[in-house]
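Trainee: Data file coords-v5.cif (mmCIF, C-alpha atoms) is appended below.
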data_final
#
loop_
_atom_site.label_atom_id
_atom_site.label_comp_id
_atom_site.auth_asym_id
_atom_site.auth_seq_id
_atom_site.Cartn_x
_atom_site.Cartn_y
_atom_site.Cartn_z
CA MET A 1206 -75.75 -17.30 27.47
CA LEU A 1207 -74.54 -20.10 29.75
CA THR A 1208 -72.46 -23.08 28.72
CA THR A 1209 -70.25 -25.73 30.25
CA THR A 1210 -67.95 -25.77 27.24
CA LEU A 1211 -66.26 -23.17 25.05
CA GLU A 1212 -67.23 -25.08 21.90
CA ILE A 1213 -70.87 -24.31 21.19
CA ALA A 1214 -73.40 -24.63 18.36
CA SER A 1215 -73.63 -21.41 16.36
CA THR A 1216 -77.44 -21.70 16.39
CA ASP A 1217 -77.40 -21.63 20.21
CA PHE A 1218 -75.16 -18.59 20.11
CA GLU A 1219 -77.61 -16.76 17.85
CA SER A 1220 -80.73 -17.62 19.84
CA THR A 1221 -79.29 -16.32 23.10
CA THR A 1222 -77.16 -13.38 21.94
CA GLY A 1223 -78.89 -12.22 18.74
CA TRP A 1224 -75.64 -12.59 16.74
CA ALA A 1225 -75.91 -14.97 13.75
CA ILE A 1226 -72.77 -16.76 12.58
CA LYS A 1227 -72.56 -16.23 8.83
CA PRO A 1228 -69.81 -16.69 6.21
CA GLU A 1229 -68.96 -12.97 6.53
CA GLY A 1230 -68.73 -13.09 10.32
CA ALA A 1231 -70.92 -12.62 13.40
CA CYS A 1232 -73.87 -10.51 12.27
CA ARG A 1233 -76.73 -8.67 13.90
CA GLY A 1234 -78.88 -6.70 11.47
CA GLU A 1235 -76.59 -4.96 9.00
CA VAL A 1236 -73.63 -5.09 11.40
CA CYS A 1237 -71.15 -7.91 10.69
CA VAL A 1238 -67.93 -8.52 12.61
CA PRO A 1239 -65.35 -10.65 10.75
CA LEU A 1240 -64.21 -13.74 12.63
CA PRO A 1241 -60.70 -15.26 12.57
CA PRO A 1242 -60.40 -18.83 11.24
CA GLU A 1243 -59.90 -20.28 14.73
CA ALA A 1244 -63.40 -19.10 15.70
CA ARG A 1245 -65.05 -21.67 13.44
CA LEU A 1246 -65.10 -25.34 14.34
CA GLU A 1247 -66.56 -28.35 12.57
CA ALA A 1248 -70.23 -29.36 12.68
CA GLY A 1249 -71.58 -25.81 12.90
CA LYS A 1250 -69.82 -25.01 16.13
CA VAL A 1251 -67.88 -21.93 17.16
CA ARG A 1252 -65.21 -21.23 19.74
CA LEU A 1253 -67.02 -19.09 22.31
CA ASP A 1254 -64.03 -17.26 23.77
CA VAL A 1255 -62.79 -16.19 20.33
CA VAL A 1256 -66.21 -14.96 19.15
CA ALA A 1257 -66.91 -13.20 22.45
CA HIS A 1258 -63.58 -11.40 22.28
CA ARG A 1259 -64.29 -10.17 18.75
CA LEU A 1260 -67.69 -8.86 19.83
CA GLY A 1261 -66.35 -7.16 22.94
CA ALA A 1262 -68.57 -9.48 24.99
CA PRO A 1263 -67.32 -10.42 28.48
CA LEU A 1264 -66.86 -14.08 29.32
CA VAL A 1265 -67.29 -14.83 33.04
CA HIS A 1266 -66.29 -18.20 34.47
CA ASP A 1267 -67.93 -19.74 37.53
CA GLU A 1268 -65.24 -22.24 38.45
CA GLY A 1269 -67.19 -23.68 41.34
CA ARG A 1270 -70.14 -24.63 39.19
CA GLY A 1271 -68.21 -25.30 35.97
CA LEU A 1272 -70.08 -22.71 33.93
CA TYR A 1273 -69.22 -19.96 31.49
CA ALA A 1274 -71.50 -16.97 30.95
CA VAL A 1275 -71.06 -14.68 28.00
CA GLY A 1276 -72.51 -11.20 28.32
CA PRO A 1277 -73.81 -9.03 25.49
CA SER A 1278 -71.60 -7.28 22.96
CA THR A 1279 -70.26 -3.85 23.84
CA LEU A 1280 -69.54 -2.86 20.23
CA GLY A 1281 -70.84 0.66 19.69
CA GLY A 1282 -71.42 1.11 23.40
CA ARG A 1283 -75.22 0.79 23.17
CA ALA A 1284 -77.65 -2.04 23.89
CA LEU A 1285 -78.76 -2.11 20.25
CA PRO A 1286 -75.94 -2.52 17.72
CA SER A 1287 -78.58 -2.28 14.98
CA ALA A 1288 -82.20 -1.14 14.75
CA ARG A 1289 -83.17 -4.46 13.19
CA ALA A 1290 -85.01 -6.48 15.83
CA PRO A 1291 -82.96 -9.48 16.93
CA ARG A 1292 -84.34 -12.97 16.63
CA LEU A 1293 -86.40 -13.73 19.73
CA GLU A 1294 -87.86 -17.07 20.65
CA LEU A 1295 -89.35 -17.63 24.10
CA PRO A 1296 -91.98 -19.88 25.67
CA THR A 1297 -95.49 -18.55 26.16
CA ILE A 1298 -97.39 -18.97 29.40
CA ASP A 1299 -98.97 -22.08 27.80
CA GLY A 1300 -95.56 -23.65 27.17
CA ALA A 1301 -95.65 -23.17 23.38
CA ARG A 1302 -92.62 -21.67 21.62
CA PHE A 1303 -93.19 -18.18 20.26
CA ASP A 1304 -91.03 -16.66 17.53
CA LEU A 1305 -91.24 -12.88 17.27
CA SER A 1306 -90.73 -13.10 13.49
CA ALA A 1307 -94.24 -14.62 13.26
CA LEU A 1308 -95.51 -11.03 13.63
CA HIS A 1309 -93.72 -9.82 10.50
CA GLY A 1310 -96.16 -7.59 8.62
CA MET A 1311 -97.73 -6.18 11.81
CA LYS A 1312 -96.67 -3.46 14.16
CA THR A 1313 -95.60 -4.89 17.50
CA VAL A 1314 -95.17 -3.38 20.93
CA LEU A 1315 -93.03 -5.69 23.09
CA VAL A 1316 -93.71 -4.87 26.74
CA ALA A 1317 -91.48 -6.07 29.60
CA TRP A 1318 -93.15 -6.55 32.97
CA ALA A 1319 -92.57 -8.72 36.06
CA SER A 1320 -94.41 -10.19 39.00
CA TRP A 1321 -91.95 -8.68 41.51
CA MET B 529 -97.74 -2.40 35.46
CA SER B 530 -101.16 -3.23 34.24
CA LEU B 531 -101.60 -6.37 32.19
CA PRO B 532 -105.38 -5.74 32.06
CA GLY B 533 -104.58 -2.27 30.73
CA TRP B 534 -102.52 -3.71 27.88
CA GLN B 535 -105.23 -6.25 27.11
CA ALA B 536 -107.79 -3.43 26.88
CA PHE B 537 -105.42 -1.39 24.71
CA ARG B 538 -104.94 -4.37 22.43
CA ALA B 539 -108.70 -4.92 22.12
CA GLU B 540 -109.13 -1.28 21.12
CA HIS B 541 -106.36 -1.13 18.52
CA HIS B 542 -105.61 -4.64 17.25
CA ASP B 543 -107.71 -4.26 14.11
CA LYS B 544 -105.46 -1.37 13.04
CA GLY B 545 -102.53 -3.77 12.65
CA ILE B 546 -100.86 -3.71 16.07
CA GLU B 547 -100.03 -6.69 18.25
CA VAL B 548 -99.10 -6.47 21.92
CA VAL B 549 -96.56 -8.99 23.19
CA THR B 550 -95.86 -9.04 26.90
CA VAL B 551 -92.73 -10.62 28.31
CA ALA B 552 -92.41 -11.50 31.99
CA LEU B 553 -88.89 -10.98 33.32
CA ASP B 554 -89.23 -13.61 36.02
CA SER B 555 -86.58 -16.01 37.20
CA GLY B 556 -89.44 -17.89 38.84
CA GLY B 557 -90.78 -18.63 35.37
CA ALA B 558 -94.41 -19.30 34.52
CA ALA B 559 -95.21 -20.17 38.13
CA ALA B 560 -94.37 -16.63 39.22
CA ALA B 561 -96.20 -14.91 36.36
CA GLN B 562 -99.20 -17.20 36.01
CA GLN B 563 -101.68 -15.57 38.37
CA TRP B 564 -101.18 -12.10 36.89
CA ILE B 565 -101.55 -13.32 33.32
CA ALA B 566 -104.61 -15.42 34.16
CA ALA B 567 -106.28 -12.38 35.76
CA ALA B 568 -105.70 -10.26 32.63
CA GLN B 569 -107.09 -12.92 30.24
CA PRO B 570 -104.89 -11.74 27.38
CA ASP B 571 -105.64 -12.42 23.72
CA HIS B 572 -102.06 -11.52 22.84
CA PRO B 573 -98.88 -13.61 23.27
CA SER B 574 -97.66 -13.71 26.89
CA LEU B 575 -94.00 -14.68 26.96
CA ILE B 576 -91.93 -15.93 29.89
CA ASP B 577 -88.30 -14.84 30.07
CA GLU B 578 -86.73 -16.71 32.98
CA GLY B 579 -83.22 -15.73 32.00
CA HIS B 580 -83.90 -12.02 31.37
CA ILE B 581 -82.50 -12.51 27.86
CA THR B 582 -84.65 -9.64 26.59
CA ASP B 583 -82.71 -7.38 28.98
CA GLU B 584 -79.65 -8.25 26.92
CA LEU B 585 -81.28 -8.26 23.50
CA PHE B 586 -83.31 -5.06 23.81
CA GLY B 587 -81.88 -3.17 26.79
CA PHE B 588 -84.69 -3.42 29.33
CA VAL B 589 -83.39 -2.14 32.69
CA ASN B 590 -86.66 -1.78 34.60
CA VAL B 591 -90.34 -2.60 34.17
CA PRO B 592 -92.54 -1.65 32.53
CA MET B 593 -90.45 -0.85 29.48
CA ALA B 594 -91.25 -1.50 25.83
CA VAL B 595 -89.87 -1.41 22.30
CA TRP B 596 -91.83 -0.73 19.13
CA ILE B 597 -91.14 -2.90 16.09
CA ASP B 598 -92.54 -2.03 12.67
CA GLU B 599 -93.98 -4.31 9.96
CA ASP B 600 -90.51 -4.95 8.51
CA GLY B 601 -88.95 -6.03 11.79
CA MET B 602 -87.21 -2.70 12.43
CA ILE B 603 -87.19 -1.26 15.94
CA VAL B 604 -88.57 2.28 15.72
CA ARG B 605 -88.34 3.05 19.44
CA PRO B 606 -85.76 1.42 21.73
CA ALA B 607 -86.45 0.27 25.29
CA GLU B 608 -88.06 3.08 27.29
CA PRO B 609 -90.51 3.35 30.21
CA ALA B 610 -93.90 2.24 28.95
CA SER B 611 -96.92 2.91 31.14
CA ILE B 612 -100.21 3.45 29.34
CA GLU B 613 -102.28 4.28 32.41
CA GLN B 614 -101.63 6.14 35.63
CA SER B 615 -100.64 4.03 38.62
CA ALA B 616 -103.46 3.57 41.13
CA LEU B 617 -100.92 4.32 43.87
CA ARG B 618 -100.36 7.87 42.63
CA ASP B 619 -103.58 9.27 44.11
CA LEU B 620 -103.36 7.14 47.23
CA GLU B 621 -103.55 9.03 50.51
CA VAL B 622 -100.68 7.81 52.65
CA PRO B 623 -102.42 6.48 55.76
CA GLU B 624 -101.42 7.67 59.22
CA GLY B 625 -99.60 5.34 61.55
CA LEU B 626 -97.68 3.29 59.01
CA PRO B 627 -94.19 2.06 59.90
CA ASP B 628 -91.61 4.67 58.83
CA ARG B 629 -90.13 2.72 55.96
CA MET B 630 -93.54 1.79 54.57
CA ARG B 631 -94.62 5.44 54.71
CA GLU B 632 -91.40 6.61 53.03
CA MET B 633 -91.82 4.01 50.32
CA LEU B 634 -95.39 5.08 49.53
CA VAL B 635 -94.26 8.70 49.36
CA ALA B 636 -91.46 7.71 46.95
CA VAL B 637 -93.87 5.66 44.82
CA LYS B 638 -96.24 8.62 44.56
CA GLU B 639 -93.30 10.73 43.31
CA ILE B 640 -92.61 8.38 40.39
CA ARG B 641 -92.90 10.22 37.11
CA ASP B 642 -96.18 9.63 35.28
CA ASP B 643 -95.83 10.03 31.50
CA SER B 644 -98.54 7.49 30.75
CA ALA B 645 -100.84 9.88 28.86
CA ALA B 646 -98.03 11.12 26.60
CA TYR B 647 -96.71 7.61 26.03
CA ARG B 648 -100.12 6.20 25.19
CA ALA B 649 -100.86 9.07 22.80
CA ALA B 650 -97.51 8.54 21.07
CA LEU B 651 -98.19 4.83 20.65
CA VAL B 652 -101.62 5.49 19.17
CA ASP B 653 -100.10 8.08 16.84
CA TRP B 654 -97.61 5.49 15.55
CA ILE B 655 -100.34 2.87 15.12
CA GLU B 656 -102.33 5.30 12.99
CA ASN B 657 -99.52 7.01 11.08
CA GLY B 658 -96.73 4.43 10.90
CA ALA B 659 -93.45 5.73 9.54
CA GLN B 660 -95.01 9.20 9.18
CA SER B 661 -95.47 9.40 12.96
CA ALA B 662 -93.13 11.87 14.64
CA TYR B 663 -92.58 9.22 17.30
CA ALA B 664 -91.15 6.64 14.87
CA LEU B 665 -87.40 7.15 15.06
CA SER B 666 -84.77 6.59 12.37
CA PRO B 667 -82.53 3.51 12.70
CA ASP B 668 -79.57 5.68 13.74
CA GLU B 669 -81.65 7.42 16.40
CA VAL B 670 -82.95 4.09 17.69
CA VAL B 671 -79.40 2.81 18.17
CA ALA B 672 -78.20 6.09 19.69
CA ARG B 673 -81.10 6.21 22.16
CA SER B 674 -80.80 2.57 23.23
CA GLN B 675 -79.38 1.92 26.70
CA PRO B 676 -75.68 2.49 27.33
CA ARG B 677 -73.70 -0.73 27.30
CA GLY B 678 -70.08 -0.67 28.33
CA ARG B 679 -67.95 -3.39 29.82
CA ALA B 680 -69.56 -3.10 33.27
CA GLU B 681 -73.15 -3.39 32.02
CA ALA B 682 -72.24 -6.35 29.80
CA GLU B 683 -70.38 -8.14 32.60
CA ALA B 684 -73.31 -7.51 34.92
CA ALA B 685 -75.57 -9.33 32.47
CA ALA B 686 -73.26 -12.36 32.49
CA CYS B 687 -73.11 -12.34 36.30
CA PHE B 688 -76.89 -12.03 36.56
CA GLU B 689 -77.28 -15.10 34.35
CA LEU B 690 -74.87 -17.11 36.50
CA GLY B 691 -76.85 -16.06 39.57
CA ARG B 692 -80.12 -17.05 38.01
CA ASP B 693 -78.80 -20.49 37.11
CA ALA B 694 -77.48 -20.98 40.65
CA HIS B 695 -80.86 -19.87 42.02
CA LEU B 696 -82.68 -22.43 39.89
CA ALA B 697 -80.24 -25.11 41.07
CA GLY B 698 -80.96 -24.19 44.69
CA ASP B 699 -77.41 -22.93 45.30
CA VAL B 700 -78.33 -19.84 47.32
CA THR B 701 -74.73 -18.89 48.17
CA ALA B 702 -73.65 -18.83 44.54
CA ALA B 703 -76.85 -17.05 43.47
CA VAL B 704 -76.35 -14.25 45.98
CA HIS B 705 -72.66 -13.96 45.07
CA TRP B 706 -73.33 -13.49 41.36
CA TRP B 707 -76.36 -11.25 41.82
CA ARG B 708 -74.43 -9.03 44.22
CA GLU B 709 -71.74 -8.79 41.56
CA ALA B 710 -74.35 -7.85 38.92
CA HIS B 711 -75.70 -5.11 41.21
CA ARG B 712 -72.20 -3.76 41.88
CA LEU B 713 -71.30 -3.67 38.18
CA ASP B 714 -74.57 -2.11 36.96
CA PRO B 715 -76.40 -0.32 39.76
CA SER B 716 -78.67 1.39 37.20
CA ASN B 717 -80.29 -1.91 36.20
CA TRP B 718 -83.41 -2.25 38.35
CA THR B 719 -84.48 -5.60 36.91
CA TYR B 720 -81.34 -7.26 38.28
CA LYS B 721 -81.83 -5.66 41.67
CA ARG B 722 -85.59 -6.01 42.08
CA GLN B 723 -85.55 -9.64 40.97
CA ALA B 724 -82.92 -10.55 43.56
CA TRP B 725 -84.37 -8.43 46.40
CA SER B 726 -87.81 -9.85 45.81
CA ILE B 727 -86.59 -13.43 46.00
CA ALA B 728 -84.57 -12.74 49.14
CA SER B 729 -87.38 -10.94 50.94
CA THR B 730 -90.34 -13.11 49.92
CA GLU B 731 -91.33 -16.30 51.68
CA PRO B 732 -91.69 -19.25 49.28
CA GLY B 733 -95.22 -19.30 47.89
CA ALA B 734 -96.08 -15.83 49.21
CA PRO B 735 -96.95 -12.85 47.00
CA SER B 736 -93.95 -10.71 46.10
CA ASP B 737 -92.78 -8.49 48.96
CA LEU B 738 -93.50 -4.97 47.76
CA MET B 739 -90.88 -3.43 50.05
CA GLN B 740 -88.11 -5.45 48.36
CA GLY B 741 -85.70 -5.36 51.24
CA PRO B 742 -83.67 -4.57 53.18
CA THR B 743 -82.28 -8.09 53.42
CA ASP B 744 -79.19 -9.71 54.89
CA GLU B 745 -78.15 -10.89 51.44
CA TYR B 746 -77.92 -7.59 49.58
CA GLU B 747 -76.55 -4.15 50.37
CA GLY B 748 -79.29 -2.34 48.48
CA ASN B 749 -83.07 -2.30 48.70
CA TRP B 750 -85.79 -0.46 46.82
CA LEU B 751 -86.31 2.46 49.17
CA ASP B 752 -82.67 3.27 49.89
CA ASP B 753 -81.65 2.85 46.24
CA VAL B 754 -84.46 5.16 45.11
CA LYS B 755 -83.38 7.73 47.69
CA ALA B 756 -79.81 7.40 46.40
CA ILE B 757 -80.89 8.54 42.92
CA GLY B 758 -82.71 11.55 44.36
CA GLY B 759 -86.18 10.08 44.87
CA GLY B 760 -89.06 8.60 42.94
CA GLU B 761 -89.09 11.28 40.23
CA ASN B 762 -85.77 9.88 38.93
CA TYR B 763 -86.92 6.27 38.90
CA TYR B 764 -87.95 6.36 35.22
CA ASN B 765 -86.47 8.56 32.51
CA GLU B 766 -88.80 11.26 31.22
CA PHE B 767 -90.66 10.35 28.02
CA ARG B 768 -88.76 11.93 25.16
CA PRO B 769 -90.78 12.45 21.95
#
Would you kindly transcribe this structure into structure tokens?
Mentor:
Amino acid sequence: MLTTTLEIASTDFESTTGWAIKPEGACRGEVCVPLPPEARLEAGKVRLDVVAHRLGAPLVHDEGRGLYAVGPSTLGGRALPSARAPRLELPTIDGARFDLSALHGMKTVLVAWASW
Amino acid sequence: MSLPGWQAFRAEHHDKGIEVVTVALDSGGAAAAQQWIAAAQPDHPSLIDEGHITDELFGFVNVPMAVWIDEDGMIVRPAEPASIEQSALRDLEVPEGLPDRMREMLVAVKEIRDDSAAYRAALVDWIENGAQSAYALSPDEVVARSQPRGRAEAEAAACFELGRDAHLAGDVTAAVHWWREAHRLDPSNWTYKRQAWSIASTEPGAPSDLMQGPTDEYEGNWLDDVKAIGGGENYYNEFRP
């Protein structure tokens, strides 16, 4: 995810990284990583550098453009920390928002392709 | 990649409880993907992933790749190459008189592994047999078979995202800097490379340049990078039941 500040809404963190901020910690599927008190800020915000460090997620700073990018977690050393599908919300070609959880109850094959 | 092929597959199997969702990994957004989607006339959701966030979330490192998700939201197969029909290029006779690099590229493309029949049969087996299918993996196996992700791969993802943002902002210098860094950190990720090469080698408004380099901006290009991994047969991992 990209941000101009290290204090970000926990909901934004979940939608871009798949890790939900819960009372027990940062969670994806059944995997929860406890967070130190300084990770949690008021108004549903979290301290990005603290959470990223706990998740083994790199934080890269583009000083010239004033941006931070946090990469995915390296916990477990695999792309999927859990077999539970992460929350995924993306626009459709028509501009509508699509939430993958709308297909709960059906089998789904999610196919990545590209124009290039 | 055949969007019409997936639409036909969906029409054949949708009433058995399967939905196809396609996701376009395109930093050019809907404008880049539109013509292909319109031609396929899909009945299924067609998502646009400008930021390649599904690379991060699911471990896509090339296209086409797919994951299978069951009725309870559990992934039963992690990201893996996902062709359901043989590429039309495979049986192509390489014409005489082509420029050397074009000829070499076509030869390499024809060498690309074709597991489409086995993959399609496996997918149909899962649709019909669900958790009883031999192709539906346990949660532990799904995690273990998902793409490797160490510090370098994770940092590459962050650098790719910075490059994509710079590209959208029209800052070509910053975009090339960060995308070069992503390529250096994770040379096995073809989506990061092909996206950047394609943008650098394609005139604005033109169809994507199939050669994807070489360019002044990047050290790699499709043909030389495929040769570096031993040729087209190593471009996709073999389908593993």
Trainee: Given the file shown, determine the residues that the PyMOL selection byres ((chain B) within 6 of (chain A)) selects; report them as a ChimeraX atom specification.
Mentor: /B:545-554,558,561,574-576,587,591-599,601-603,667,671,674-678,682-683,685-686,736
Trainee: Just so the selection is clear, what residues does the PyMOL selection byres ((chain A and resi 1237) around 12) cover here, as a short mmCIF file (atom, residue, chain, number, x, y, z; two decimals) with C-alpha atoms, in the coordinates of the input?
Mentor:
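Generated output (expr-v3.cif):
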data_model
loop_
_atom_site.label_atom_id
_atom_site.label_comp_id
_atom_site.auth_asym_id
_atom_site.auth_seq_id
_atom_site.Cartn_x
_atom_site.Cartn_y
_atom_site.Cartn_z
CA GLY A 1223 -78.89 -12.22 18.74
CA TRP A 1224 -75.64 -12.59 16.74
CA ALA A 1225 -75.91 -14.97 13.75
CA ILE A 1226 -72.77 -16.76 12.58
CA LYS A 1227 -72.56 -16.23 8.83
CA PRO A 1228 -69.81 -16.69 6.21
CA GLU A 1229 -68.96 -12.97 6.53
CA GLY A 1230 -68.73 -13.09 10.32
CA ALA A 1231 -70.92 -12.62 13.40
CA CYS A 1232 -73.87 -10.51 12.27
CA ARG A 1233 -76.73 -8.67 13.90
CA GLY A 1234 -78.88 -6.70 11.47
CA GLU A 1235 -76.59 -4.96 9.00
CA VAL A 1236 -73.63 -5.09 11.40
CA VAL A 1238 -67.93 -8.52 12.61
CA PRO A 1239 -65.35 -10.65 10.75
CA LEU A 1240 -64.21 -13.74 12.63
CA ARG A 1259 -64.29 -10.17 18.75
CA LEU A 1260 -67.69 -8.86 19.83
CA LEU A 1280 -69.54 -2.86 20.23
CA PRO A 1286 -75.94 -2.52 17.72
CA SER A 1287 -78.58 -2.28 14.98
#
Trainee: Neighbouring residues of segment 747-764 of chain B were defined as those with any atom within 7 Å, considering only C-alpha atoms; residues of the same chain fewer than 4 positions away were excluded. Please report them as a PyMOL selection string.
Mentor: chain B and resi 609+633+636-637+639-641+725+739-742
Trainee: So which residues touch Gly533 of chain B within 12 Å, counting only C-alpha atoms, skipping near sequence neighbours fewer than 2 positions away, as number ranges by chain?
Mentor: A: 1316; B: 529-531, 535-540, 548, 550, 565, 567-570, 610-616, 644, 648
Trainee: Give me the result of the PyMOL selection byres ((chain B and resi 694) around 12) on this file, residue by residue, as a compact mmCIF listing (two decimals) with C-alpha atoms, in the frame of the given file.
Mentor:
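File produced: expr38.txt:
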# COMPACT_ATOMS: atom_id res chain seq x y z
CA LEU A 1207 -74.54 -20.10 29.75
CA ASP A 1267 -67.93 -19.74 37.53
CA GLY A 1269 -67.19 -23.68 41.34
CA ARG A 1270 -70.14 -24.63 39.19
CA GLY A 1271 -68.21 -25.30 35.97
CA LEU A 1272 -70.08 -22.71 33.93
CA SER B 555 -86.58 -16.01 37.20
CA GLY B 579 -83.22 -15.73 32.00
CA CYS B 687 -73.11 -12.34 36.30
CA PHE B 688 -76.89 -12.03 36.56
CA GLU B 689 -77.28 -15.10 34.35
CA LEU B 690 -74.87 -17.11 36.50
CA GLY B 691 -76.85 -16.06 39.57
CA ARG B 692 -80.12 -17.05 38.01
CA ASP B 693 -78.80 -20.49 37.11
CA HIS B 695 -80.86 -19.87 42.02
CA LEU B 696 -82.68 -22.43 39.89
CA ALA B 697 -80.24 -25.11 41.07
CA GLY B 698 -80.96 -24.19 44.69
CA ASP B 699 -77.41 -22.93 45.30
CA VAL B 700 -78.33 -19.84 47.32
CA THR B 701 -74.73 -18.89 48.17
CA ALA B 702 -73.65 -18.83 44.54
CA ALA B 703 -76.85 -17.05 43.47
CA VAL B 704 -76.35 -14.25 45.98
CA HIS B 705 -72.66 -13.96 45.07
CA TRP B 706 -73.33 -13.49 41.36
CA TRP B 707 -76.36 -11.25 41.82
Trainee: Go ahead and compute the interatomic distance for atom CA of His542 of chain B and atom CA of Glu584 of chain B, in Å to one decimal.
Mentor: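 Atom CA of His542 of chain B sits 27.9 Å away from atom CA of Glu584 of chain B.
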Trainee: Which residues come within 7 Å of Leu1211 of chain A, counting all atoms listed in the file, excluding same-chain residues fewer than 5 positions away, as a compact mmCIF listing (two decimals) with C-alpha atoms, in the coordinates of the input?
Mentor:
# COMPACT_ATOMS: atom_id res chain seq x y z
CA ARG A 1252 -65.21 -21.23 19.74
CA LEU A 1253 -67.02 -19.09 22.31
CA ASP A 1254 -64.03 -17.26 23.77
Trainee: Separation of atom CA of Gly733 of chain B and atom CA of Gln563 of chain B, in Å?
Mentor: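 Between these atoms lies a distance of 12.1 Å.
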